[in-house]
$ cat start_9.cif   # mmCIF, C-alpha atoms and all ligand atoms
data_entry
loop_
_atom_site.label_atom_id
_atom_site.label_comp_id
_atom_site.auth_asym_id
_atom_site.auth_seq_id
_atom_site.Cartn_x
_atom_site.Cartn_y
_atom_site.Cartn_z
CA ARG L 7 -47.48 -11.01 -100.39
CA GLY L 8 -44.57 -13.44 -100.80
CA CYS L 9 -41.17 -14.03 -99.25
CA LYS L 10 -37.75 -14.85 -100.64
CA LEU L 11 -34.24 -15.75 -99.48
CA VAL L 12 -31.94 -12.78 -100.01
CA GLY L 13 -28.77 -13.57 -98.06
CA CYS L 14 -26.89 -16.33 -96.30
CA GLY L 15 -23.86 -16.71 -94.07
CA SER L 16 -22.13 -19.26 -91.87
CA ALA L 17 -19.42 -19.62 -89.23
CA VAL L 18 -17.54 -22.55 -87.70
CA PRO L 19 -15.12 -22.80 -84.76
CA SER L 20 -11.39 -22.90 -85.54
CA LEU L 21 -10.63 -26.16 -83.69
CA GLN L 22 -10.77 -29.10 -86.12
CA ILE L 23 -10.94 -32.69 -84.91
CA SER L 24 -10.14 -35.41 -87.44
CA ASN L 25 -11.16 -39.07 -87.39
CA ASP L 26 -7.57 -39.93 -86.49
CA ASP L 27 -7.80 -37.57 -83.49
CA LEU L 28 -10.93 -39.41 -82.32
CA ALA L 29 -9.19 -42.76 -82.73
CA LYS L 30 -6.86 -41.60 -79.95
CA ILE L 31 -9.72 -41.32 -77.43
CA VAL L 32 -12.19 -44.09 -78.47
CA ASP L 33 -11.84 -47.48 -80.15
CA THR L 34 -12.49 -46.42 -83.76
CA SER L 35 -10.69 -45.69 -87.01
CA ASP L 36 -10.72 -43.21 -89.88
CA GLU L 37 -11.81 -46.05 -92.17
CA TRP L 38 -14.81 -47.09 -90.00
CA ILE L 39 -16.06 -43.52 -89.62
CA SER L 40 -15.53 -42.56 -93.29
CA VAL L 41 -17.17 -45.69 -94.68
CA ARG L 42 -20.16 -45.71 -92.28
CA THR L 43 -20.83 -41.96 -92.23
CA GLY L 44 -18.82 -40.05 -94.84
CA ILE L 45 -17.46 -37.79 -92.08
CA ARG L 46 -13.71 -37.02 -91.95
CA ASN L 47 -13.47 -33.85 -89.83
CA ARG L 48 -15.62 -31.77 -87.54
CA ARG L 49 -15.21 -28.35 -85.86
CA VAL L 50 -15.69 -28.06 -82.12
CA LEU L 51 -16.04 -25.07 -79.77
CA SER L 52 -13.15 -24.84 -77.33
CA GLY L 53 -11.86 -22.61 -74.55
CA LYS L 54 -13.82 -19.37 -74.41
CA ASP L 55 -15.49 -19.93 -77.83
CA SER L 56 -19.16 -19.04 -77.77
CA LEU L 57 -22.02 -20.38 -79.85
CA ASN L 58 -23.70 -16.97 -79.69
CA ALA L 59 -20.60 -15.43 -81.34
CA LEU L 60 -20.79 -17.97 -84.18
CA ALA L 61 -24.49 -17.22 -84.64
CA VAL L 62 -23.82 -13.46 -84.75
CA ASP L 63 -20.98 -13.95 -87.26
CA ALA L 64 -23.20 -16.07 -89.56
CA ALA L 65 -26.10 -13.60 -89.28
CA ARG L 66 -23.86 -10.58 -90.05
CA LYS L 67 -22.63 -12.28 -93.23
CA ALA L 68 -26.22 -12.98 -94.30
CA LEU L 69 -27.18 -9.33 -93.71
CA GLU L 70 -24.11 -8.13 -95.66
CA MET L 71 -24.96 -10.36 -98.62
CA ALA L 72 -28.56 -9.10 -98.52
CA GLU L 73 -27.37 -5.49 -98.08
CA VAL L 74 -29.83 -5.07 -95.22
CA ASP L 75 -29.04 -2.93 -92.17
CA PRO L 76 -29.56 -4.72 -88.80
CA ILE L 77 -31.90 -1.90 -87.83
CA ASP L 78 -34.33 -3.10 -90.51
CA VAL L 79 -34.56 -6.65 -89.12
CA ASP L 80 -37.94 -7.17 -87.49
CA LEU L 81 -37.64 -10.77 -86.29
CA VAL L 82 -34.72 -12.99 -85.22
CA LEU L 83 -35.41 -16.73 -85.00
CA LEU L 84 -32.59 -18.73 -83.43
CA CYS L 85 -33.05 -22.43 -84.20
CA THR L 86 -31.03 -24.29 -81.59
CA SER L 87 -31.26 -27.15 -79.12
CA THR L 88 -28.11 -26.04 -77.30
CA PRO L 89 -28.66 -22.38 -76.31
CA GLU L 90 -26.14 -20.67 -74.08
CA ASP L 91 -29.05 -19.46 -71.97
CA LEU L 92 -31.75 -21.96 -71.02
CA PHE L 93 -34.31 -19.14 -71.31
CA GLY L 94 -33.30 -18.48 -74.91
CA SER L 95 -30.34 -16.83 -76.63
CA ALA L 96 -32.04 -15.08 -79.55
CA PRO L 97 -32.44 -11.73 -77.73
CA GLN L 98 -28.67 -11.68 -77.05
CA ILE L 99 -28.02 -12.28 -80.76
CA GLN L 100 -30.47 -9.50 -81.63
CA LYS L 101 -28.64 -7.12 -79.28
CA ALA L 102 -25.15 -8.09 -80.54
CA LEU L 103 -26.24 -7.57 -84.16
CA GLY L 104 -27.40 -4.04 -83.38
CA CYS L 105 -31.07 -4.56 -84.18
CA LYS L 106 -31.80 -1.35 -82.31
CA ASN L 107 -35.58 -1.33 -82.82
CA ASN L 108 -35.87 -4.19 -80.30
CA PRO L 109 -37.48 -6.58 -82.75
CA LEU L 110 -38.98 -9.86 -81.56
CA ALA L 111 -36.32 -12.53 -81.07
CA TYR L 112 -36.80 -16.03 -79.71
CA ASP L 113 -35.45 -19.58 -79.86
CA ILE L 114 -36.96 -22.50 -81.75
CA THR L 115 -36.10 -25.99 -80.47
CA ALA L 116 -36.56 -28.75 -83.00
CA ALA L 117 -33.10 -30.38 -83.13
CA CYS L 118 -31.88 -31.09 -86.67
CA SER L 119 -35.24 -30.02 -88.17
CA GLY L 120 -35.01 -26.61 -86.49
CA PHE L 121 -33.82 -24.65 -89.51
CA VAL L 122 -36.62 -25.87 -91.80
CA LEU L 123 -39.12 -25.06 -89.06
CA GLY L 124 -37.52 -21.60 -88.79
CA LEU L 125 -38.06 -21.06 -92.52
CA VAL L 126 -41.73 -22.06 -92.20
CA SER L 127 -42.14 -19.66 -89.27
CA ALA L 128 -40.45 -16.82 -91.18
CA ALA L 129 -42.79 -17.35 -94.13
CA CYS L 130 -45.86 -17.28 -91.84
CA TYR L 131 -44.73 -14.07 -90.09
CA ILE L 132 -44.06 -12.37 -93.42
CA ARG L 133 -47.21 -13.55 -95.21
CA GLY L 134 -49.64 -13.09 -92.34
CA GLY L 135 -47.99 -10.79 -89.83
CA GLY L 136 -46.66 -7.90 -91.90
CA PHE L 137 -43.00 -8.63 -91.04
CA ASN L 138 -40.40 -7.62 -93.66
CA ASN L 139 -36.93 -8.93 -92.78
CA VAL L 140 -36.65 -12.14 -90.79
CA LEU L 141 -33.29 -13.59 -89.80
CA VAL L 142 -33.40 -17.37 -89.49
CA ILE L 143 -30.29 -18.70 -87.74
CA GLY L 144 -29.44 -22.36 -87.18
CA ALA L 145 -26.75 -22.76 -84.51
CA ASP L 146 -25.84 -25.78 -82.41
CA ALA L 147 -22.99 -27.04 -80.25
CA LEU L 148 -23.81 -30.71 -79.77
CA SER L 149 -20.17 -31.31 -78.78
CA ARG L 150 -21.22 -29.98 -75.35
CA TYR L 151 -23.75 -32.82 -74.93
CA VAL L 152 -21.82 -35.70 -76.44
CA ASP L 153 -20.42 -38.52 -74.34
CA TRP L 154 -16.82 -38.44 -75.58
CA THR L 155 -16.37 -42.05 -74.43
CA ASP L 156 -19.27 -43.32 -76.61
CA ARG L 157 -17.87 -44.19 -80.05
CA GLY L 158 -21.41 -44.67 -81.39
CA THR L 159 -22.20 -40.95 -81.09
CA CYS L 160 -19.06 -38.85 -80.50
CA ILE L 161 -17.83 -39.44 -84.04
CA LEU L 162 -20.92 -37.86 -85.60
CA PHE L 163 -21.29 -34.32 -84.35
CA GLY L 164 -19.70 -30.92 -84.88
CA ASP L 165 -20.51 -27.30 -83.96
CA ALA L 166 -21.50 -24.52 -86.38
CA ALA L 167 -23.90 -21.70 -87.22
CA GLY L 168 -25.62 -20.74 -90.46
CA ALA L 169 -28.14 -18.03 -91.29
CA VAL L 170 -30.44 -16.79 -94.02
CA LEU L 171 -32.35 -13.55 -94.36
CA VAL L 172 -35.94 -14.05 -95.52
CA GLN L 173 -37.50 -10.90 -96.95
CA ALA L 174 -41.01 -9.86 -97.93
CA CYS L 175 -41.67 -9.47 -101.68
CA ASP L 176 -44.53 -9.35 -104.17
CA GLY L 177 -46.50 -12.57 -104.49
CA GLU L 178 -45.20 -13.30 -107.99
CA GLU L 179 -41.60 -13.25 -106.72
CA ASP L 180 -42.42 -15.74 -103.94
CA GLY L 181 -39.50 -18.08 -103.33
CA LEU L 182 -40.81 -20.32 -100.54
CA PHE L 183 -43.09 -22.66 -102.46
CA ALA L 184 -44.25 -25.35 -100.04
CA PHE L 185 -43.54 -27.06 -96.74
CA ASP L 186 -44.22 -30.40 -95.14
CA MET L 187 -43.57 -30.81 -91.38
CA HIS L 188 -44.05 -33.68 -88.92
CA SER L 189 -43.15 -34.94 -85.47
CA ASP L 190 -43.53 -38.22 -83.59
CA GLY L 191 -42.96 -38.15 -79.84
CA ASP L 192 -43.06 -41.94 -79.77
CA GLY L 193 -39.65 -41.99 -81.46
CA GLN L 194 -38.06 -39.82 -78.74
CA ARG L 195 -36.76 -43.02 -77.14
CA HIS L 196 -34.45 -43.51 -80.13
CA LEU L 197 -32.74 -40.11 -79.81
CA ASN L 198 -32.70 -37.77 -76.83
CA ALA L 199 -30.71 -35.77 -74.29
CA SER L 200 -33.21 -35.79 -71.43
CA ILE L 201 -33.22 -34.15 -68.02
CA LYS L 202 -31.80 -36.43 -65.33
CA GLY L 203 -34.76 -37.30 -63.08
CA ASN L 204 -36.28 -34.96 -60.53
CA GLU L 205 -33.36 -33.06 -59.07
CA VAL L 206 -35.21 -31.75 -56.02
CA ASP L 207 -35.49 -34.19 -53.09
CA HIS L 208 -38.73 -33.56 -51.19
CA ALA L 209 -39.35 -34.73 -47.67
CA LEU L 210 -43.12 -35.30 -47.57
CA GLY L 211 -45.29 -35.41 -44.45
CA SER L 212 -47.99 -38.08 -43.95
CA ASN L 213 -50.62 -35.78 -45.53
CA GLY L 214 -48.40 -35.16 -48.57
CA SER L 215 -47.31 -31.66 -47.50
CA VAL L 216 -43.68 -30.66 -48.16
CA LEU L 217 -41.73 -30.74 -44.87
CA GLY L 218 -38.45 -29.73 -46.48
CA PHE L 219 -36.46 -30.06 -49.65
CA SER L 220 -32.85 -30.04 -50.79
CA PRO L 221 -32.49 -28.48 -54.23
CA LYS L 222 -29.72 -29.64 -56.55
CA ILE L 223 -28.46 -28.25 -59.82
CA SER L 224 -30.31 -30.02 -62.65
CA SER L 225 -28.48 -31.39 -65.64
CA TYR L 226 -29.18 -33.20 -68.88
CA SER L 227 -27.87 -36.60 -69.91
CA CYS L 228 -25.52 -36.86 -72.89
CA ILE L 229 -26.99 -37.66 -76.30
CA GLN L 230 -28.52 -41.15 -76.30
CA MET L 231 -29.12 -42.57 -79.76
CA ASN L 232 -30.21 -45.82 -81.37
CA GLY L 233 -28.36 -45.14 -84.62
CA LYS L 234 -29.96 -47.94 -86.61
CA GLU L 235 -33.52 -46.81 -85.75
CA VAL L 236 -32.72 -43.18 -86.59
CA PHE L 237 -31.12 -44.30 -89.85
CA ARG L 238 -34.21 -46.32 -90.85
CA PHE L 239 -36.55 -43.49 -89.83
CA ALA L 240 -34.63 -40.93 -91.94
CA CYS L 241 -34.48 -43.14 -95.04
CA ARG L 242 -38.24 -43.81 -94.81
CA ALA L 243 -39.64 -40.43 -93.71
CA VAL L 244 -37.50 -37.89 -95.58
CA PRO L 245 -38.27 -38.99 -99.18
CA GLN L 246 -42.00 -39.14 -98.32
CA SER L 247 -41.83 -35.63 -96.87
CA ILE L 248 -40.03 -34.19 -99.91
CA GLU L 249 -42.49 -35.88 -102.28
CA SER L 250 -45.37 -34.41 -100.29
CA ALA L 251 -43.83 -30.90 -100.36
CA LEU L 252 -43.19 -31.19 -104.11
CA GLU L 253 -46.82 -32.22 -104.66
CA LYS L 254 -48.05 -29.21 -102.65
CA ALA L 255 -45.77 -26.97 -104.75
CA GLY L 256 -47.07 -28.56 -107.98
CA LEU L 257 -43.50 -29.50 -108.94
CA SER L 258 -41.83 -32.74 -109.99
CA GLY L 259 -38.45 -34.02 -108.81
CA SER L 260 -36.94 -33.20 -112.21
CA SER L 261 -37.64 -29.48 -111.68
CA ILE L 262 -35.44 -29.43 -108.55
CA ASP L 263 -31.90 -28.14 -109.14
CA TRP L 264 -30.52 -29.16 -105.74
CA LEU L 265 -31.29 -31.66 -103.01
CA LEU L 266 -30.09 -30.25 -99.68
CA LEU L 267 -30.62 -32.57 -96.73
CA HIS L 268 -29.66 -32.21 -93.10
CA GLN L 269 -26.05 -33.45 -93.10
CA ALA L 270 -26.19 -36.48 -90.77
CA ASN L 271 -24.74 -39.39 -92.71
CA GLN L 272 -23.67 -39.68 -96.36
CA ARG L 273 -25.41 -43.06 -96.58
CA ILE L 274 -28.72 -41.40 -95.59
CA ILE L 275 -28.16 -38.65 -98.17
CA ASP L 276 -27.38 -41.24 -100.88
CA ALA L 277 -30.40 -43.41 -99.96
CA VAL L 278 -32.80 -40.45 -100.07
CA ALA L 279 -31.32 -39.17 -103.36
CA SER L 280 -31.63 -42.62 -104.90
CA ARG L 281 -35.26 -42.95 -103.77
CA LEU L 282 -36.02 -39.54 -105.34
CA GLU L 283 -33.95 -40.41 -108.45
CA MET L 284 -31.73 -37.36 -107.94
CA PRO L 285 -28.30 -37.78 -109.58
CA SER L 286 -25.36 -37.19 -107.23
CA GLU L 287 -24.28 -34.06 -109.21
CA ARG L 288 -27.48 -32.37 -107.94
CA VAL L 289 -26.97 -33.31 -104.29
CA ILE L 290 -25.26 -30.86 -101.89
CA SER L 291 -23.00 -32.46 -99.30
CA ASN L 292 -20.31 -31.00 -97.06
CA LEU L 293 -20.54 -33.28 -94.02
CA SER L 294 -17.10 -34.78 -94.65
CA ASN L 295 -15.66 -31.48 -93.33
CA TYR L 296 -18.12 -30.67 -90.54
CA GLY L 297 -20.04 -33.79 -89.43
CA ASN L 298 -23.61 -33.41 -88.17
CA THR L 299 -24.03 -29.81 -87.01
CA SER L 300 -27.75 -30.20 -86.17
CA ALA L 301 -29.82 -27.05 -86.91
CA ALA L 302 -26.79 -25.40 -88.55
CA SER L 303 -26.16 -28.05 -91.18
CA ILE L 304 -28.60 -26.90 -93.88
CA PRO L 305 -27.71 -23.16 -93.83
CA LEU L 306 -23.99 -24.02 -93.53
CA ALA L 307 -24.14 -26.25 -96.62
CA LEU L 308 -26.34 -23.72 -98.45
CA ASP L 309 -23.91 -20.89 -97.71
CA GLU L 310 -20.92 -22.86 -99.02
CA ALA L 311 -22.85 -23.86 -102.14
CA VAL L 312 -23.94 -20.27 -102.82
CA ARG L 313 -20.51 -18.72 -102.23
CA SER L 314 -18.79 -21.35 -104.41
CA GLY L 315 -21.20 -20.53 -107.26
CA LYS L 316 -22.87 -23.95 -107.25
CA VAL L 317 -26.27 -22.63 -106.22
CA GLN L 318 -27.21 -19.64 -108.39
CA ALA L 319 -30.02 -17.11 -108.44
CA GLY L 320 -33.24 -18.75 -109.60
CA HIS L 321 -32.23 -22.31 -108.65
CA THR L 322 -34.86 -24.42 -106.89
CA ILE L 323 -33.81 -26.37 -103.80
CA ALA L 324 -35.55 -29.21 -101.96
CA ALA L 325 -34.31 -28.92 -98.36
CA ALA L 326 -35.16 -31.42 -95.61
CA GLY L 327 -34.33 -31.68 -91.92
CA PHE L 328 -34.79 -34.68 -89.63
CA GLY L 329 -33.73 -35.67 -86.16
CA ALA L 330 -34.57 -35.69 -82.48
CA GLY L 331 -38.16 -35.31 -81.36
CA LEU L 332 -38.52 -37.14 -83.61
CA THR L 333 -39.08 -34.27 -86.03
CA TRP L 334 -38.76 -34.03 -89.79
CA GLY L 335 -39.81 -31.71 -92.58
CA SER L 336 -39.11 -30.30 -96.02
CA ALA L 337 -39.17 -26.94 -97.73
CA ILE L 338 -39.12 -26.26 -101.46
CA VAL L 339 -37.40 -22.91 -101.95
CA ARG L 340 -35.90 -20.76 -104.68
CA TRP L 341 -32.52 -19.13 -104.15
N1 LIG L 401 -15.93 -47.18 -84.58
C1 LIG L 401 -15.80 -48.51 -84.72
N2 LIG L 401 -16.82 -49.37 -84.49
C2 LIG L 401 -18.00 -48.81 -84.10
C3 LIG L 401 -18.18 -47.43 -83.94
C4 LIG L 401 -17.08 -46.61 -84.19
N3 LIG L 401 -17.14 -45.27 -84.07
N4 LIG L 401 -19.45 -47.20 -83.55
C5 LIG L 401 -20.06 -48.39 -83.48
N5 LIG L 401 -19.18 -49.37 -83.80
C6 LIG L 401 -19.39 -50.81 -83.86
C7 LIG L 401 -20.57 -51.25 -83.01
O1 LIG L 401 -20.16 -51.49 -81.68
C8 LIG L 401 -20.98 -52.53 -83.72
O2 LIG L 401 -20.11 -53.56 -83.33
P1 LIG L 401 -20.66 -55.07 -83.16
O3 LIG L 401 -21.14 -55.48 -84.52
O4 LIG L 401 -19.45 -55.80 -82.69
O5 LIG L 401 -21.76 -54.99 -82.15
C9 LIG L 401 -20.71 -52.24 -85.19
O6 LIG L 401 -19.75 -51.15 -85.20
C10 LIG L 401 -21.94 -51.80 -85.95
O7 LIG L 401 -22.59 -50.77 -85.20
P2 LIG L 401 -23.94 -50.11 -85.70
O8 LIG L 401 -24.44 -49.15 -84.66
O9 LIG L 401 -24.86 -51.22 -86.12
O10 LIG L 401 -23.41 -49.31 -86.98
P3 LIG L 401 -24.24 -48.59 -88.10
O11 LIG L 401 -23.87 -49.11 -89.42
O12 LIG L 401 -25.71 -48.51 -87.77
O13 LIG L 401 -23.66 -47.11 -88.04
C11 LIG L 401 -24.24 -44.92 -87.23
C12 LIG L 401 -23.83 -46.33 -86.85
C13 LIG L 401 -23.14 -44.30 -88.05
C14 LIG L 401 -24.45 -44.12 -85.95
C15 LIG L 401 -25.53 -44.97 -88.07
O14 LIG L 401 -26.47 -45.83 -87.44
C16 LIG L 401 -26.16 -43.63 -88.26
O15 LIG L 401 -25.60 -42.73 -88.85
N6 LIG L 401 -27.42 -43.43 -87.81
C17 LIG L 401 -28.13 -42.21 -88.00
C18 LIG L 401 -27.74 -41.16 -87.01
C19 LIG L 401 -28.39 -39.84 -87.39
O16 LIG L 401 -28.64 -39.59 -88.54
N7 LIG L 401 -28.72 -38.99 -86.48
C20 LIG L 401 -29.39 -37.77 -86.96
C21 LIG L 401 -30.08 -37.09 -86.00
S1 LIG L 401 -29.03 -36.30 -84.86
C22 LIG L 401 -30.01 -35.19 -83.98
O17 LIG L 401 -31.13 -34.98 -84.25
C23 LIG L 401 -29.44 -34.55 -82.79
#

$ encode --input "start_9.cif" --output "structure tokens"
Amino acid sequence: RGCKLVGCGSAVPSLQISNDDLAKIVDTSDEWISVRTGIRNRRVLSGKDSLNALAVDAARKALEMAEVDPIDVDLVLLCTSTPEDLFGSAPQIQKALGCKNNPLAYDITAACSGFVLGLVSAACYIRGGGFNNVLVIGADALSRYVDWTDRGTCILFGDAAGAVLVQACDGEEDGLFAFDMHSDGDGQRHLNASIKGNEVDHALGSNGSVLGFSPKISSYSCIQMNGKEVFRFACRAVPQSIESALEKAGLSGSSIDWLLLHQANQRIIDAVASRLEMPSERVISNLSNYGNTSAASIPLALDEAVRSGKVQAGHTIAAAGFGAGLTWGSAIVRW
């Protein structure tokens, strides 16, 4: 029993913020941002925009491309670090899509590696669990957790959603060849958005019993990042991970049609491509328009590449995510 990608879709908010717009609120310039990151624009949720609505839109497009009715979906995996419900948003997406058989739906939190982890999970459910149609959605709204006065981070991120439908097939048609996944909690200090302390003040008696407490509403800090450390980590870990996944798949770099990395920084993409000796014509990049959209970036870039005719049926793609956790991983897949 194998599994294959049969549809993709994506959605972005309508509000676009350019580098020049950002230069009005922090001390930066279009030139600095473009040269250091490759980013020129990003889309940001505004007003009553909802991330769930973007995720539903992306998922519907993936189902339409696959010609699969929502009623036949038996698992919805929402890869996000910014859910609109702390308890998980996937069931709301499942309901809005009209998956009327109440299939399993839950969130996966692994920051910018979330989508690759979602693909791995989909493959495991299909191969070992008898599932047939698994929606993997990457959706994030990091704009809600950015410190808009911090020029080191606010220039990087955008909001978006992307989705693929992974479907069961015969083993010989299998299109998810190999994975390689890692995490390193030690690196969390370089990139995080952590809870702010203990938000309940206890008054303790002499024997340690609680005499009273005054609860407060908890909140998370804005994104804290040591950009240089994250940059070094990505340039070191991602090529190793892709090489390891290729080895597991029994493939060489020359048999890969497309390199599709998490869209964080063009200089990271170029460094990884160079290390893997992938010519720039075989590298997918759309971050100049959208910035770093976290778990959405890989399916968003894939969807654009498929709909523009760049990625065609039968092409092999090396996809890799990396980011907070720290987490990183690769998947070798056939479109
Ligand atoms: N505009 C102008 N100047 C700036 C800006 C800005 N937006 N940001 C920083 N600077 C200044 C700094 O203050 C510093 O000035 P100084 O030399 O006077 O001290 C100088 O530019 C250099 O700053 P660096 O931080 O060293 O710049 P660097 O070349 O490392 O680029 C960047 C910073 C773009 C953030 C880069 O480190 C990067 O992309 N890192 C990777 C981030 C990433 O990939 N994250 C992915 C995971 S995201 C997730 O998982 C949620």

$ atom_distance --input "start_9.cif" --atom1 "atom CA of Gly120 of chain L" --atom2 "atom CA of Cys85 of chain L"
5.2 Å

$ closest_atom_pairs --input "start_9.cif" --of "segment 234-273 of chain L" --to "segment 292-305 of chain L" --cutoff "6 Å" --atoms "only C-alpha atoms" --output "JSON lines"
{"residue": "L:His268", "atom": "CA", "partner": "L:Ile304", "partner_atom": "CA", "distance": 5.5}
{"residue": "L:Gln269", "atom": "CA", "partner": "L:Asn298", "partner_atom": "CA", "distance": 5.5}
{"residue": "L:Ala270", "atom": "CA", "partner": "L:Asn298", "partner_atom": "CA", "distance": 4.8}

$ residues_near_ligand --input "start_9.cif" --ligand "ligand LIG 401 (chain L)" --cutoff "6 Å" --atoms "all atoms listed in the file" --output "list of chain:residue names"
L:Thr34, L:Ser35, L:Trp38, L:Ile39, L:Arg42, L:Thr43, L:Ala117, L:Cys118, L:Arg157, L:Gly158, L:Ile161, L:Gly233, L:Lys234, L:Val236, L:Phe237, L:Ala270, L:Asn271, L:Ser300, L:Gly329, L:Ala330

$ atom_distance --input "start_9.cif" --atom1 "atom CA of Ile143 of chain L" --atom2 "atom CA of Cys130 of chain L"
16.2 Å

$ residues_near_point --input "start_9.cif" --point "(-16.9, -23.7, -86.5)" --cutoff "7 Å" --atoms "only C-alpha atoms" --output "count of residues only"
9

$ axis_aligned_box --input "start_9.cif" --around "segment 10-15 of chain L" --padding-each-side "4 Å" --output "JSON"
{"center_x": -30.8, "center_y": -14.7, "center_z": -97.4, "size_x": 21.9, "size_y": 11.9, "size_z": 14.6}

$ closest_residue --input "start_9.cif" --among "L:Thr155, L:Gln246, L:Ser225, L:Ser119" --to "Lys30 of chain L" --atoms "all atoms listed in the file"
L:Thr155

$ closest_residue --input "start_9.cif" --among "L:Ala145, L:Cys241, L:Leu83, L:Ile338" --to "Arg273 of chain L" --atoms "all atoms listed in the file"
L:Cys241

$ residues_near_point --input "start_9.cif" --point "(-41.0, -34.3, -93.5)" --cutoff "7 Å" --atoms "only C-alpha atoms" --output "PyMOL selection string"
chain L and resi 186-188+243-244+246-248+326+334-336

$ atom_distance --input "start_9.cif" --atom1 "atom CA of Ala325 of chain L" --atom2 "atom CA of Leu257 of chain L"
14.0 Å

$ closest_residue --input "start_9.cif" --among "L:Ser16, L:Ser149, L:Asn139, L:Ser314" --to "Arg48 of chain L" --atoms "all atoms listed in the file"
L:Ser149
